[in-house]
$ cat target_20.pdb   # PDB, C-alpha atoms and all ligand atoms
ATOM      1  CA  MET A   1       0.000   0.000   0.000
ATOM      2  CA  ILE A   2       1.305   3.455  -0.904
ATOM      3  CA  GLU A   3       2.034   5.359   2.326
ATOM      4  CA  LYS A   4       3.497   8.689   3.401
ATOM      5  CA  SER A   5       5.965   8.931   6.277
ATOM      6  CA  PHE A   6       7.279  11.908   8.226
ATOM      7  CA  VAL A   7      11.073  11.837   8.420
ATOM      8  CA  MET A   8      13.284  14.463  10.009
ATOM      9  CA  MET A   9      17.059  14.883   9.987
ATOM     10  CA  LYS A  10      17.802  16.102  13.510
ATOM     11  CA  PRO A  11      20.153  19.048  14.309
ATOM     12  CA  ASP A  12      23.270  16.847  14.396
ATOM     13  CA  ALA A  13      22.618  15.506  10.866
ATOM     14  CA  VAL A  14      22.197  19.035   9.489
ATOM     15  CA  SER A  15      25.164  20.513  11.367
ATOM     16  CA  ARG A  16      27.406  17.571  10.469
ATOM     17  CA  ARG A  17      26.613  18.253   6.758
ATOM     18  CA  LEU A  18      25.081  14.790   6.289
ATOM     19  CA  ILE A  19      21.899  15.970   4.494
ATOM     20  CA  GLY A  20      23.024  14.869   1.022
ATOM     21  CA  LYS A  21      24.303  11.453   2.111
ATOM     22  CA  ILE A  22      21.164  10.674   4.115
ATOM     23  CA  MET A  23      18.815  11.941   1.401
ATOM     24  CA  SER A  24      20.594   9.715  -1.147
ATOM     25  CA  ARG A  25      19.712   6.601   0.834
ATOM     26  CA  PHE A  26      15.980   7.279   0.468
ATOM     27  CA  GLU A  27      16.267   8.364  -3.168
ATOM     28  CA  GLU A  28      18.407   5.379  -4.168
ATOM     29  CA  LYS A  29      15.966   2.978  -2.518
ATOM     30  CA  GLY A  30      13.260   4.243  -4.888
ATOM     31  CA  LEU A  31      11.306   6.354  -2.410
ATOM     32  CA  GLN A  32       9.915   9.749  -3.390
ATOM     33  CA  LEU A  33      10.482  13.034  -1.565
ATOM     34  CA  ILE A  34       7.193  14.984  -1.652
ATOM     35  CA  ALA A  35       7.904  17.725   0.941
ATOM     36  CA  VAL A  36      11.034  19.201   2.505
ATOM     37  CA  LYS A  37      11.731  22.080   4.877
ATOM     38  CA  LEU A  38      14.693  23.326   6.902
ATOM     39  CA  LEU A  39      13.344  24.667  10.176
ATOM     40  CA  GLN A  40      14.325  25.427  13.742
ATOM     41  CA  VAL A  41      11.995  23.325  15.918
ATOM     42  CA  ASP A  42      10.823  25.344  18.944
ATOM     43  CA  GLU A  43      10.027  23.978  22.394
ATOM     44  CA  GLU A  44       6.286  23.817  21.771
ATOM     45  CA  LEU A  45       6.643  21.905  18.486
ATOM     46  CA  ALA A  46       9.219  19.539  20.056
ATOM     47  CA  SER A  47       6.855  18.829  22.977
ATOM     48  CA  GLN A  48       3.961  18.123  20.611
ATOM     49  CA  HIS A  49       6.067  15.953  18.317
ATOM     50  CA  TYR A  50       7.541  13.907  21.180
ATOM     51  CA  GLY A  51       4.443  14.152  23.460
ATOM     52  CA  GLU A  52       4.414  10.363  24.005
ATOM     53  CA  HIS A  53       7.767  10.701  25.838
ATOM     54  CA  LYS A  54       6.904  13.665  28.103
ATOM     55  CA  ASP A  55       7.174  11.654  31.326
ATOM     56  CA  LYS A  56      10.448   9.915  30.403
ATOM     57  CA  PRO A  57      13.690  10.904  32.158
ATOM     58  CA  PHE A  58      15.335  11.806  28.829
ATOM     59  CA  PHE A  59      12.523  14.160  27.736
ATOM     60  CA  SER A  60      14.084  17.515  28.632
ATOM     61  CA  GLY A  61      17.421  16.489  27.095
ATOM     62  CA  LEU A  62      15.536  15.367  23.975
ATOM     63  CA  VAL A  63      13.784  18.746  23.672
ATOM     64  CA  ASP A  64      17.110  20.604  24.161
ATOM     65  CA  TYR A  65      18.700  18.453  21.449
ATOM     66  CA  ILE A  66      15.890  18.824  18.912
ATOM     67  CA  THR A  67      15.600  22.602  19.419
ATOM     68  CA  SER A  68      19.364  23.295  19.432
ATOM     69  CA  SER A  69      19.793  24.214  15.737
ATOM     70  CA  PRO A  70      17.934  23.640  12.431
ATOM     71  CA  SER A  71      16.436  20.298  11.435
ATOM     72  CA  LEU A  72      15.353  19.090   7.990
ATOM     73  CA  ALA A  73      11.717  17.914   7.914
ATOM     74  CA  MET A  74      10.465  15.741   5.055
ATOM     75  CA  VAL A  75       7.516  13.763   3.804
ATOM     76  CA  ILE A  76       8.515  10.638   1.896
ATOM     77  CA  LYS A  77       6.162   8.497  -0.169
ATOM     78  CA  GLY A  78       6.340   4.880  -1.340
ATOM     79  CA  ASP A  79       4.939   1.345  -1.062
ATOM     80  CA  ASP A  80       4.833   0.330   2.641
ATOM     81  CA  CYS A  81       7.301   3.166   3.219
ATOM     82  CA  ILE A  82       6.661   3.607   6.960
ATOM     83  CA  SER A  83       8.200   0.232   7.842
ATOM     84  CA  VAL A  84      10.745   0.356   4.989
ATOM     85  CA  ILE A  85      12.040   3.724   6.256
ATOM     86  CA  ARG A  86      12.243   2.479   9.867
ATOM     87  CA  LYS A  87      14.493  -0.326   8.552
ATOM     88  CA  ILE A  88      16.653   2.129   6.591
ATOM     89  CA  VAL A  89      16.945   4.339   9.716
ATOM     90  CA  GLY A  90      17.897   1.495  12.107
ATOM     91  CA  ALA A  91      17.538   0.903  15.848
ATOM     92  CA  THR A  92      17.053   3.817  18.282
ATOM     93  CA  ASN A  93      20.446   3.114  19.893
ATOM     94  CA  PRO A  94      23.038   3.649  17.119
ATOM     95  CA  LYS A  95      25.494   1.298  18.827
ATOM     96  CA  GLU A  96      22.972  -1.506  18.362
ATOM     97  CA  ALA A  97      21.766  -0.389  14.932
ATOM     98  CA  ASP A  98      22.859  -2.677  12.093
ATOM     99  CA  LEU A  99      25.672  -1.436   9.879
ATOM    100  CA  GLY A 100      24.150  -0.301   6.607
ATOM    101  CA  THR A 101      21.397   1.596   8.404
ATOM    102  CA  ILE A 102      21.626   5.380   8.749
ATOM    103  CA  ARG A 103      22.014   5.284  12.548
ATOM    104  CA  GLY A 104      24.344   2.286  12.331
ATOM    105  CA  ASP A 105      26.630   4.059   9.880
ATOM    106  CA  PHE A 106      26.584   7.685  11.045
ATOM    107  CA  ALA A 107      25.863   7.826  14.797
ATOM    108  CA  MET A 108      27.124   6.597  18.187
ATOM    109  CA  ASP A 109      24.677   7.755  20.870
ATOM    110  CA  THR A 110      20.905   7.339  21.489
ATOM    111  CA  GLY A 111      20.778  11.018  22.467
ATOM    112  CA  ARG A 112      22.394  11.992  19.122
ATOM    113  CA  ASN A 113      20.798   9.492  16.750
ATOM    114  CA  ILE A 114      20.545  11.969  13.834
ATOM    115  CA  ILE A 115      17.152  11.088  12.346
ATOM    116  CA  HIS A 116      13.486  10.576  13.163
ATOM    117  CA  ALA A 117      10.974   8.449  11.252
ATOM    118  CA  SER A 118       7.274   7.800  11.890
ATOM    119  CA  ASP A 119       6.550   4.440  13.510
ATOM    120  CA  SER A 120       2.935   3.855  12.315
ATOM    121  CA  PRO A 121       0.336   5.206   9.863
ATOM    122  CA  SER A 122      -1.399   7.143  12.655
ATOM    123  CA  SER A 123       1.825   8.814  13.875
ATOM    124  CA  ALA A 124       2.780   9.576  10.259
ATOM    125  CA  GLU A 125      -0.502  11.402   9.698
ATOM    126  CA  ARG A 126      -0.231  13.296  12.985
ATOM    127  CA  GLU A 127       3.408  14.285  12.413
ATOM    128  CA  ILE A 128       2.908  15.324   8.759
ATOM    129  CA  ASN A 129       0.060  17.632   9.846
ATOM    130  CA  LEU A 130       2.166  19.017  12.699
ATOM    131  CA  PHE A 131       5.046  20.049  10.419
ATOM    132  CA  PHE A 132       3.488  20.748   7.001
ATOM    133  CA  ASN A 133       0.581  22.623   5.425
ATOM    134  CA  SER A 134      -1.142  20.724   2.635
ATOM    135  CA  ASN A 135       0.157  23.226   0.015
ATOM    136  CA  GLU A 136       3.746  22.300   0.971
ATOM    137  CA  ILE A 137       3.241  18.623   0.001
ATOM    138  CA  PHE A 138       3.569  17.785  -3.688
ATOM    139  CA  ASP A 139       2.012  15.186  -5.945
ATOM    140  CA  TYR A 140       4.177  14.428  -8.985
ATOM    141  CA  GLU A 141       5.199  11.509 -11.175
ATOM    142  CA  ILE A 142       8.629   9.897 -10.883
ATOM    143  CA  SER A 143       9.945   8.961 -14.334
ATOM    144  CA  ASP A 144      11.337   5.529 -13.428
ATOM    145  CA  GLN A 145       8.198   4.271 -11.586
ATOM    146  CA  GLY A 146       8.017   1.229 -13.938
ATOM    147  CA  TRP A 147      11.555   0.206 -12.944
ATOM    148  CA  ILE A 148      10.902   0.611  -9.222
ATOM    149  CA  TYR A 149       7.525  -1.154  -9.051
ATOM    150  CA  GLU A 150       6.315  -4.168 -11.042
TER
HETATM  151  N1  LIG B 201      17.411   6.523  26.829
HETATM  152  C1  LIG B 201      17.450   7.604  26.050
HETATM  153  N2  LIG B 201      18.386   8.577  26.276
HETATM  154  C2  LIG B 201      18.451   9.679  25.504
HETATM  155  N3  LIG B 201      17.621   9.917  24.467
HETATM  156  C3  LIG B 201      16.689   8.988  24.197
HETATM  157  C4  LIG B 201      16.545   7.781  24.963
HETATM  158  N4  LIG B 201      15.533   7.054  24.448
HETATM  159  C5  LIG B 201      15.064   7.774  23.410
HETATM  160  N5  LIG B 201      15.758   8.928  23.257
HETATM  161  C6  LIG B 201      15.551   9.947  22.231
HETATM  162  O1  LIG B 201      14.157  10.093  22.006
HETATM  163  C7  LIG B 201      13.845   9.779  20.650
HETATM  164  C8  LIG B 201      12.488   9.153  20.580
HETATM  165  O2  LIG B 201      12.548   7.856  21.149
HETATM  166  P1  LIG B 201      11.721   6.650  20.515
HETATM  167  O3  LIG B 201      11.581   5.632  21.569
HETATM  168  O4  LIG B 201      10.483   7.190  19.873
HETATM  169  O5  LIG B 201      12.745   6.093  19.419
HETATM  170  P2  LIG B 201      12.643   6.096  17.847
HETATM  171  O6  LIG B 201      11.232   5.933  17.411
HETATM  172  O7  LIG B 201      13.667   5.157  17.328
HETATM  173  O8  LIG B 201      13.155   7.572  17.489
HETATM  174  P3  LIG B 201      12.375   8.745  16.750
HETATM  175  O9  LIG B 201      10.992   8.861  17.371
HETATM  176  O10 LIG B 201      13.211   9.981  16.955
HETATM  177  O11 LIG B 201      12.290   8.309  15.319
HETATM  178  C9  LIG B 201      15.012   8.891  20.194
HETATM  179  O12 LIG B 201      15.192   8.898  18.797
HETATM  180  C10 LIG B 201      16.182   9.535  20.912
HETATM  181  O13 LIG B 201      16.601  10.720  20.214
HETATM  182 MG    MG B 202       9.689   7.318  17.929
END

$ encode --input "target_20.pdb" --output "C-alpha cells"
Amino acid sequence: MIEKSFVMMKPDAVSRRLIGKIMSRFEEKGLQLIAVKLLQVDEELASQHYGEHKDKPFFSGLVDYITSSPSLAMVIKGDDCISVIRKIVGATNPKEADLGTIRGDFAMDTGRNIIHASDSPSSAEREINLFFNSNEIFDYEISDQGWIYE
C-alpha cells in the first residue's frame, strides 16, 4: 500500500553536513520526496512531536537536542514506506543499529541518533500535519516508476 511517512534529519545531521548522504539513501531505494523544509523546531513543536515521551527521564534532554539548531523535515512516499524507512533508519540506539542503516553508519549515541521516522500510519498522519501545510506537500510523477515497481 502506498504510504506517506514523516522523516526528520535532527540538528546533528544538518550541522554535520550529512543531508546529502542521508537523502541519497531514500532516493536510491526508490522512495519519493514529496515535501522538505529546513526549520528550527521550537520547544512547543518539540513537545507536541515527542508528546508520548513527556514523562520519560530523557525528555528535557531530547527537547534541548531537537531545538538546538535547524532540522530538515520531510515527507517521503512509497509502497509500505513507513516500515521500509524504519528499517533504513535502524535501531534507536546507534550502537545496536545494524551497519548499513543510517544510525548504524553515522551515529554513536541514542541522544544523538541523527534522524526521526514515523513508527505507524497514525503517527505519520499526525506528524505530517504538525510540520506541514497541505500546500507544501507535492504530488508528482517519478519517471522511473516502472523500474521501481512491477
Ligand atoms: N534513553 C534515552 N536517552 C536519551 N535519548 C533517548 C533515549 N531514548 C530515546 N531517546 C531519544 O528520544 C527519541 C524518541 O525515542 P523513541 O523511543 O520514539 O525512538 P525512535 O522511534 O527510534 O526515534 P524517533 O521517534 O526519533 O524516530 C530517540 O530517537 C532519541 O533521540
Ligand atoms: Mg519514535

$ atom_distance --input "target_20.pdb" --atom1 "atom O5 of ligand LIG 201 (chain B)" --atom2 "atom CA of Ile137 of chain A"
25.0 Å

$ resolve_selection --input "target_20.pdb" --expression "the PyMOL selection byres (((not hetatm)) within 12 of (chain B and resi 202))" --output "list in words"
Phe6, Val7, Met8, His49, Tyr50, Gly51, Glu52, His53, Leu62, Ile82, Arg86, Val89, Gly90, Ala91, Thr92, Asn93, Thr110, Asn113, Ile115, His116, Ala117, Ser118, Asp119, Ser120, Ser123, Ala124 and Glu127 of chain A

$ atom_distance --input "target_20.pdb" --atom1 "atom C9 of ligand LIG 201 (chain B)" --atom2 "atom CA of Phe26 of chain A"
19.8 Å

$ residues_around --input "target_20.pdb" --residues "Asp139 of chain A" --least-positions-apart "2" --cutoff "12 Å" --atoms "all atoms listed in the file" --output "list in words"
Lys4, Gln32, Leu33, Ile34, Ala35, Val75, Ile76, Lys77, Ser134, Asn135, Glu136, Ile137, Glu141 and Ile142 of chain A

$ axis_aligned_box --input "target_20.pdb" --around "ligand LIG 201 (chain B)" --padding-each-side "4 Å" --output "JSON"
{"center_x": 14.5, "center_y": 7.9, "center_z": 21.1, "size_x": 16.0, "size_y": 13.6, "size_z": 19.5}

$ atom_distance --input "target_20.pdb" --atom1 "atom CA of Ile114 of chain A" --atom2 "atom CA of Ala13 of chain A"
5.1 Å

$ residues_around --input "target_20.pdb" --residues "Tyr65 of chain A" --least-positions-apart "6" --cutoff "10 Å" --atoms "all atoms listed in the file" --output "list in words"
Lys10, Pro11, Asp12, Val41, Ala46, Phe59, Gly111 and Arg112 of chain A

$ residues_around --input "target_20.pdb" --residues "Lys29 of chain A" --least-positions-apart "5" --cutoff "10 Å" --atoms "only C-alpha atoms" --output "PyMOL selection string"
chain A and resi 24+78+84-85+88+148

$ closest_residue --input "target_20.pdb" --among "A:Met9, A:Arg126, A:Lys95, A:Ser83" --to "Ser69 of chain A" --atoms "all atoms listed in the file"
A:Met9

$ closest_residue --input "target_20.pdb" --among "A:Thr101, A:Pro57, A:Phe138, A:Val14" --to "Ala73 of chain A" --atoms "only C-alpha atoms"
A:Val14

$ closest_residue --input "target_20.pdb" --among "A:Gly61, A:Lys56, A:Asp79, A:Ile102" --to "Lys21 of chain A" --atoms "all atoms listed in the file"
A:Ile102

$ closest_residue --input "target_20.pdb" --among "A:Asp144, A:Met74, A:Leu39, A:Phe58" --to "Asn129 of chain A" --atoms "all atoms listed in the file"
A:Met74

$ resolve_selection --input "target_20.pdb" --expression "the PyMOL selection byres (((chain A and resi 42) around 9) and not hetatm)" --output "list in words"
Gln40, Val41, Glu43, Glu44, Leu45, Ala46, Ser47, Val63, Ile66, Thr67 and Ser68 of chain A

$ build_atoms --input "target_20.pdb" --residues "segment 32-50 of chain A" --atoms "N, CA and C atoms" --output "mmCIF file, in the frame of the given file"
data_model
loop_
_atom_site.group_PDB
_atom_site.id
_atom_site.type_symbol
_atom_site.label_atom_id
_atom_site.label_comp_id
_atom_site.auth_asym_id
_atom_site.auth_seq_id
_atom_site.Cartn_x
_atom_site.Cartn_y
_atom_site.Cartn_z
ATOM 1 N N GLN A 32 10.142 8.442 -2.771
ATOM 2 C CA GLN A 32 9.915 9.749 -3.390
ATOM 3 C C GLN A 32 9.764 10.832 -2.317
ATOM 4 N N LEU A 33 10.566 11.875 -2.466
ATOM 5 C CA LEU A 33 10.482 13.034 -1.565
ATOM 6 C C LEU A 33 9.345 13.930 -2.054
ATOM 7 N N ILE A 34 8.329 14.156 -1.198
ATOM 8 C CA ILE A 34 7.193 14.984 -1.652
ATOM 9 C C ILE A 34 7.042 16.271 -0.849
ATOM 10 N N ALA A 35 7.881 16.447 0.212
ATOM 11 C CA ALA A 35 7.904 17.725 0.941
ATOM 12 C C ALA A 35 9.228 17.810 1.678
ATOM 13 N N VAL A 36 9.777 19.023 1.786
ATOM 14 C CA VAL A 36 11.034 19.201 2.505
ATOM 15 C C VAL A 36 11.134 20.628 3.025
ATOM 16 N N LYS A 37 11.665 20.763 4.245
ATOM 17 C CA LYS A 37 11.731 22.080 4.877
ATOM 18 C C LYS A 37 12.832 22.094 5.941
ATOM 19 N N LEU A 38 13.709 23.103 5.834
ATOM 20 C CA LEU A 38 14.693 23.326 6.902
ATOM 21 C C LEU A 38 14.025 24.243 7.920
ATOM 22 N N LEU A 39 13.992 23.827 9.164
ATOM 23 C CA LEU A 39 13.344 24.667 10.176
ATOM 24 C C LEU A 39 14.003 24.496 11.534
ATOM 25 N N GLN A 40 13.867 25.536 12.351
ATOM 26 C CA GLN A 40 14.325 25.427 13.742
ATOM 27 C C GLN A 40 13.100 25.022 14.560
ATOM 28 N N VAL A 41 13.111 23.812 15.108
ATOM 29 C CA VAL A 41 11.995 23.325 15.918
ATOM 30 C C VAL A 41 12.004 24.090 17.242
ATOM 31 N N ASP A 42 10.850 24.658 17.635
ATOM 32 C CA ASP A 42 10.823 25.344 18.944
ATOM 33 C C ASP A 42 10.317 24.370 20.023
ATOM 34 N N GLU A 43 10.340 24.861 21.270
ATOM 35 C CA GLU A 43 10.027 23.978 22.394
ATOM 36 C C GLU A 43 8.618 23.414 22.295
ATOM 37 N N GLU A 44 7.675 24.265 21.854
ATOM 38 C CA GLU A 44 6.286 23.817 21.771
ATOM 39 C C GLU A 44 6.125 22.707 20.725
ATOM 40 N N LEU A 45 6.730 22.915 19.558
ATOM 41 C CA LEU A 45 6.643 21.905 18.486
ATOM 42 C C LEU A 45 7.341 20.604 18.915
ATOM 43 N N ALA A 46 8.490 20.731 19.575
ATOM 44 C CA ALA A 46 9.219 19.539 20.056
ATOM 45 C C ALA A 46 8.360 18.767 21.061
ATOM 46 N N SER A 47 7.685 19.490 21.957
ATOM 47 C CA SER A 47 6.855 18.829 22.977
ATOM 48 C C SER A 47 5.654 18.144 22.352
ATOM 49 N N GLN A 48 5.090 18.768 21.299
ATOM 50 C CA GLN A 48 3.961 18.123 20.611
ATOM 51 C C GLN A 48 4.438 16.887 19.852
ATOM 52 N N HIS A 49 5.552 17.053 19.130
ATOM 53 C CA HIS A 49 6.067 15.953 18.317
ATOM 54 C C HIS A 49 6.425 14.740 19.181
ATOM 55 N N TYR A 50 7.102 14.997 20.305
ATOM 56 C CA TYR A 50 7.541 13.907 21.180
ATOM 57 C C TYR A 50 6.669 13.791 22.437
#
